[in-house]
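All remarks here apply to the structure that follows.
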Amino acid sequence: MSVSDSVEAPVTSAPNAANAPLAGPTEAELDREMSIRVKDVKVDYRTIVNPRANTLRHTITNLGRKSGDRKVRYIHAVRGVSFDVKHGQVLGIIGANGAGKSTMMRAMAGILPPSSGEIVVNGRISVLLALGVGFNGQLSGRDNVVLGSMAAGLTRKQVYERFDQIVEWAELEDVIDLPMKAYSSGMYGRLAFAVSTHLDPDVLLVDEALSTGDAHFRRKSYDKMQELVGQARTIVIVSHGIAAIREMCDDCIWMDKGQIVMRGKPDEVADQYLEFQGVPPAKKSNAADETADEDDDMSMIDDSLNSGDF
Ligand SMILES: Nc1ncnc2c1ncn2[C@@H]1O[C@H](COP(=O)(O)OP(=O)(O)OP(=O)(O)O)[C@@H](O)[C@H]1O
């Protein structure tokens, strides 16, 4: 007979610390423990629409004129999204066009303030976005590397220590002193990728930037990402390249119409998402080459988008 069979616990109405349910971490503890916390975040864009400008004739005859009956319209891009990301987790965010993925990334990067809710990020962030935030085309590649790295929190000394490594990785030694407006979009993307991945970030946010450059650089970028994944950094990747999400991420969120539809293992979430999209079952592939059927069309679209986005 075991001790637990022979001895009955005293029945008491007094609170018993041993029997009390274990209290989970408090909000404040989670804020410190997690790498990223997104708490009931909403992001709205404010746009101006002219309700009368809905005909081609009206548009042409009133081109350049200000119309008196313009209306403000709010686009609810992110509608009450909550999730936590642990240190070292690699989270993929997938979803259809306009689902709110990039808006969510911009909010996490601190570029776009949420309309409501809260975002907590612990550690130094490095952001690699296909759209918008980038280098100054009037400045040389060299100046942009220095300014971009310092803006991300590196000291002048740290920047100089890493400078050669960054330029060498991007293979842009010959053009580093040219103004960046003279760079091709692929060259621009290579330098952006090199800077953001050589900053030793605690948190790396990558939005549709894995398909930058030619085949050689895709492979290089993929290898660099794998290296960062191996270093247990927290990484959030937004991509239409489902093969890359499957291979690199250990967690995945599917967003639609500004909300989270599903969160789970990348394979499970990706399969559900593709089924919802009416895409045939996934074929395992090498993400570096993005040869999967499910990705081919999307990476071509990404390419064309990336080419003009910097
Ligand atoms: N600057 C902006 N001003 C107004 N509306 C915007 C702006 N940027 C995005 N939106 C709108 O917000 C919604 C979410 O857009 P977002 O770019 O976050 O989607 P996404 O999931 O990243 O899409 P995609 O896969 O096409 O890149 C869309 O309805 C879009 O039209």
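By convention in this document, the chains of the structure tokens carry letters A, B, ... by their order, each chain's residues are numbered from 1, and ligands are numbered from 1 in the order they are shown.
Every residue having at least one atom no farther than 7 Å from ligand 1 is included below, with only C-alpha atoms and all ligand atoms taken into account: A:Tyr45, A:Arg46, A:Thr47, A:Ile75, A:His76, A:Ala77, A:Gly95, A:Ala96, A:Asn97, A:Gly98, A:Ala99, A:Gly100, A:Lys101, A:Ser102, A:Thr103, A:Met104, A:Gly258.
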Note to self: Among stretch 53-229 of chain A, which ones does DSSP assign to alpha helix (DSSP H) (computed from the backbone)? Answer as a VMD selection string.
What the structure shows: chain A and resid 56 to 61 101 to 109 141 to 151 156 to 170 185 to 197 215 to 229
If you keep C-alpha atoms, can you produce a file of those selected residues as a PDB file, in the first residue's frame?
ATOM      1  CA  LEU A  56     -13.261  58.405 -66.162  1.00  0.00           C
ATOM      2  CA  ARG A  57     -14.789  61.639 -67.527  1.00  0.00           C
ATOM      3  CA  HIS A  58     -14.976  63.206 -64.079  1.00  0.00           C
ATOM      4  CA  THR A  59     -11.406  62.142 -63.326  1.00  0.00           C
ATOM      5  CA  ILE A  60     -10.072  63.649 -66.567  1.00  0.00           C
ATOM      6  CA  THR A  61     -12.007  66.924 -66.396  1.00  0.00           C
ATOM      7  CA  LYS A 101       0.644  40.989 -42.993  1.00  0.00           C
ATOM      8  CA  SER A 102       2.854  43.936 -43.963  1.00  0.00           C
ATOM      9  CA  THR A 103       0.839  46.302 -41.804  1.00  0.00           C
ATOM     10  CA  MET A 104       1.378  43.965 -38.855  1.00  0.00           C
ATOM     11  CA  MET A 105       5.127  43.862 -39.575  1.00  0.00           C
ATOM     12  CA  ARG A 106       5.341  47.636 -39.818  1.00  0.00           C
ATOM     13  CA  ALA A 107       3.546  47.956 -36.527  1.00  0.00           C
ATOM     14  CA  MET A 108       5.965  45.472 -34.885  1.00  0.00           C
ATOM     15  CA  ALA A 109       8.881  47.388 -36.389  1.00  0.00           C
ATOM     16  CA  GLY A 141      26.054  52.872 -50.578  1.00  0.00           C
ATOM     17  CA  ARG A 142      28.825  53.487 -48.030  1.00  0.00           C
ATOM     18  CA  ASP A 143      26.928  56.344 -46.321  1.00  0.00           C
ATOM     19  CA  ASN A 144      23.711  54.352 -46.327  1.00  0.00           C
ATOM     20  CA  VAL A 145      25.379  51.341 -44.708  1.00  0.00           C
ATOM     21  CA  VAL A 146      26.846  53.545 -41.967  1.00  0.00           C
ATOM     22  CA  LEU A 147      23.661  55.562 -41.368  1.00  0.00           C
ATOM     23  CA  GLY A 148      21.364  52.531 -41.604  1.00  0.00           C
ATOM     24  CA  SER A 149      23.469  50.521 -39.157  1.00  0.00           C
ATOM     25  CA  MET A 150      23.695  53.380 -36.686  1.00  0.00           C
ATOM     26  CA  ALA A 151      19.963  54.018 -36.956  1.00  0.00           C
ATOM     27  CA  ARG A 156      30.184  53.873 -34.854  1.00  0.00           C
ATOM     28  CA  LYS A 157      32.916  51.401 -33.832  1.00  0.00           C
ATOM     29  CA  GLN A 158      30.631  48.403 -34.401  1.00  0.00           C
ATOM     30  CA  VAL A 159      29.668  49.744 -37.814  1.00  0.00           C
ATOM     31  CA  TYR A 160      33.274  50.113 -38.886  1.00  0.00           C
ATOM     32  CA  GLU A 161      34.056  46.607 -37.637  1.00  0.00           C
ATOM     33  CA  ARG A 162      31.255  45.148 -39.778  1.00  0.00           C
ATOM     34  CA  PHE A 163      31.403  47.433 -42.792  1.00  0.00           C
ATOM     35  CA  ASP A 164      33.743  45.332 -44.946  1.00  0.00           C
ATOM     36  CA  GLN A 165      31.860  42.161 -44.091  1.00  0.00           C
ATOM     37  CA  ILE A 166      28.551  43.749 -45.177  1.00  0.00           C
ATOM     38  CA  VAL A 167      29.874  45.070 -48.483  1.00  0.00           C
ATOM     39  CA  GLU A 168      31.725  41.863 -49.213  1.00  0.00           C
ATOM     40  CA  TRP A 169      28.624  39.786 -48.508  1.00  0.00           C
ATOM     41  CA  ALA A 170      26.603  41.972 -50.861  1.00  0.00           C
ATOM     42  CA  SER A 185      16.860  47.091 -57.684  1.00  0.00           C
ATOM     43  CA  GLY A 186      18.650  43.776 -57.143  1.00  0.00           C
ATOM     44  CA  MET A 187      21.809  45.559 -55.954  1.00  0.00           C
ATOM     45  CA  TYR A 188      19.716  47.728 -53.677  1.00  0.00           C
ATOM     46  CA  GLY A 189      18.018  44.681 -52.223  1.00  0.00           C
ATOM     47  CA  ARG A 190      21.343  42.898 -51.707  1.00  0.00           C
ATOM     48  CA  LEU A 191      22.729  45.771 -49.677  1.00  0.00           C
ATOM     49  CA  ALA A 192      19.529  46.062 -47.624  1.00  0.00           C
ATOM     50  CA  PHE A 193      19.633  42.335 -46.910  1.00  0.00           C
ATOM     51  CA  ALA A 194      23.344  42.464 -46.032  1.00  0.00           C
ATOM     52  CA  VAL A 195      22.908  45.360 -43.589  1.00  0.00           C
ATOM     53  CA  SER A 196      19.873  44.012 -41.785  1.00  0.00           C
ATOM     54  CA  THR A 197      21.312  40.523 -41.359  1.00  0.00           C
ATOM     55  CA  ALA A 215      19.490  32.968 -58.252  1.00  0.00           C
ATOM     56  CA  HIS A 216      22.987  33.237 -56.742  1.00  0.00           C
ATOM     57  CA  PHE A 217      21.778  35.779 -54.173  1.00  0.00           C
ATOM     58  CA  ARG A 218      18.619  33.915 -53.400  1.00  0.00           C
ATOM     59  CA  ARG A 219      20.764  30.976 -52.413  1.00  0.00           C
ATOM     60  CA  LYS A 220      23.093  33.239 -50.422  1.00  0.00           C
ATOM     61  CA  SER A 221      20.169  34.970 -48.691  1.00  0.00           C
ATOM     62  CA  TYR A 222      18.595  31.653 -47.865  1.00  0.00           C
ATOM     63  CA  ASP A 223      21.880  30.365 -46.370  1.00  0.00           C
ATOM     64  CA  LYS A 224      22.274  33.560 -44.352  1.00  0.00           C
ATOM     65  CA  MET A 225      18.742  33.216 -43.033  1.00  0.00           C
ATOM     66  CA  GLN A 226      19.429  29.608 -42.059  1.00  0.00           C
ATOM     67  CA  GLU A 227      22.547  30.800 -40.223  1.00  0.00           C
ATOM     68  CA  LEU A 228      20.460  33.314 -38.245  1.00  0.00           C
ATOM     69  CA  VAL A 229      17.815  30.694 -37.544  1.00  0.00           C
TER      70      VAL A 229
END
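Contact shell of A:Ser140 at 7 Å (only C-alpha atoms; same-chain neighbours under 5 positions omitted): Ile176, Asp177, Leu178, Pro179 and Met180 of chain A.
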Next, the residues of the selection above should be written as a PDB file, in the first residue's frame with C-alpha atoms.
ATOM      1  CA  ILE A 176      29.852  51.109 -52.807  1.00  0.00           C
ATOM      2  CA  ASP A 177      30.824  54.763 -53.357  1.00  0.00           C
ATOM      3  CA  LEU A 178      28.221  55.406 -56.058  1.00  0.00           C
ATOM      4  CA  PRO A 179      24.937  57.114 -55.120  1.00  0.00           C
ATOM      5  CA  MET A 180      22.401  54.379 -54.524  1.00  0.00           C
TER       6      MET A 180
END
Check: If you measure from atom CA of A:Lys71 to atom CA of A:Thr55, what distance in Å do you get, rounded to one decimal?
Finding: 16.6 Å
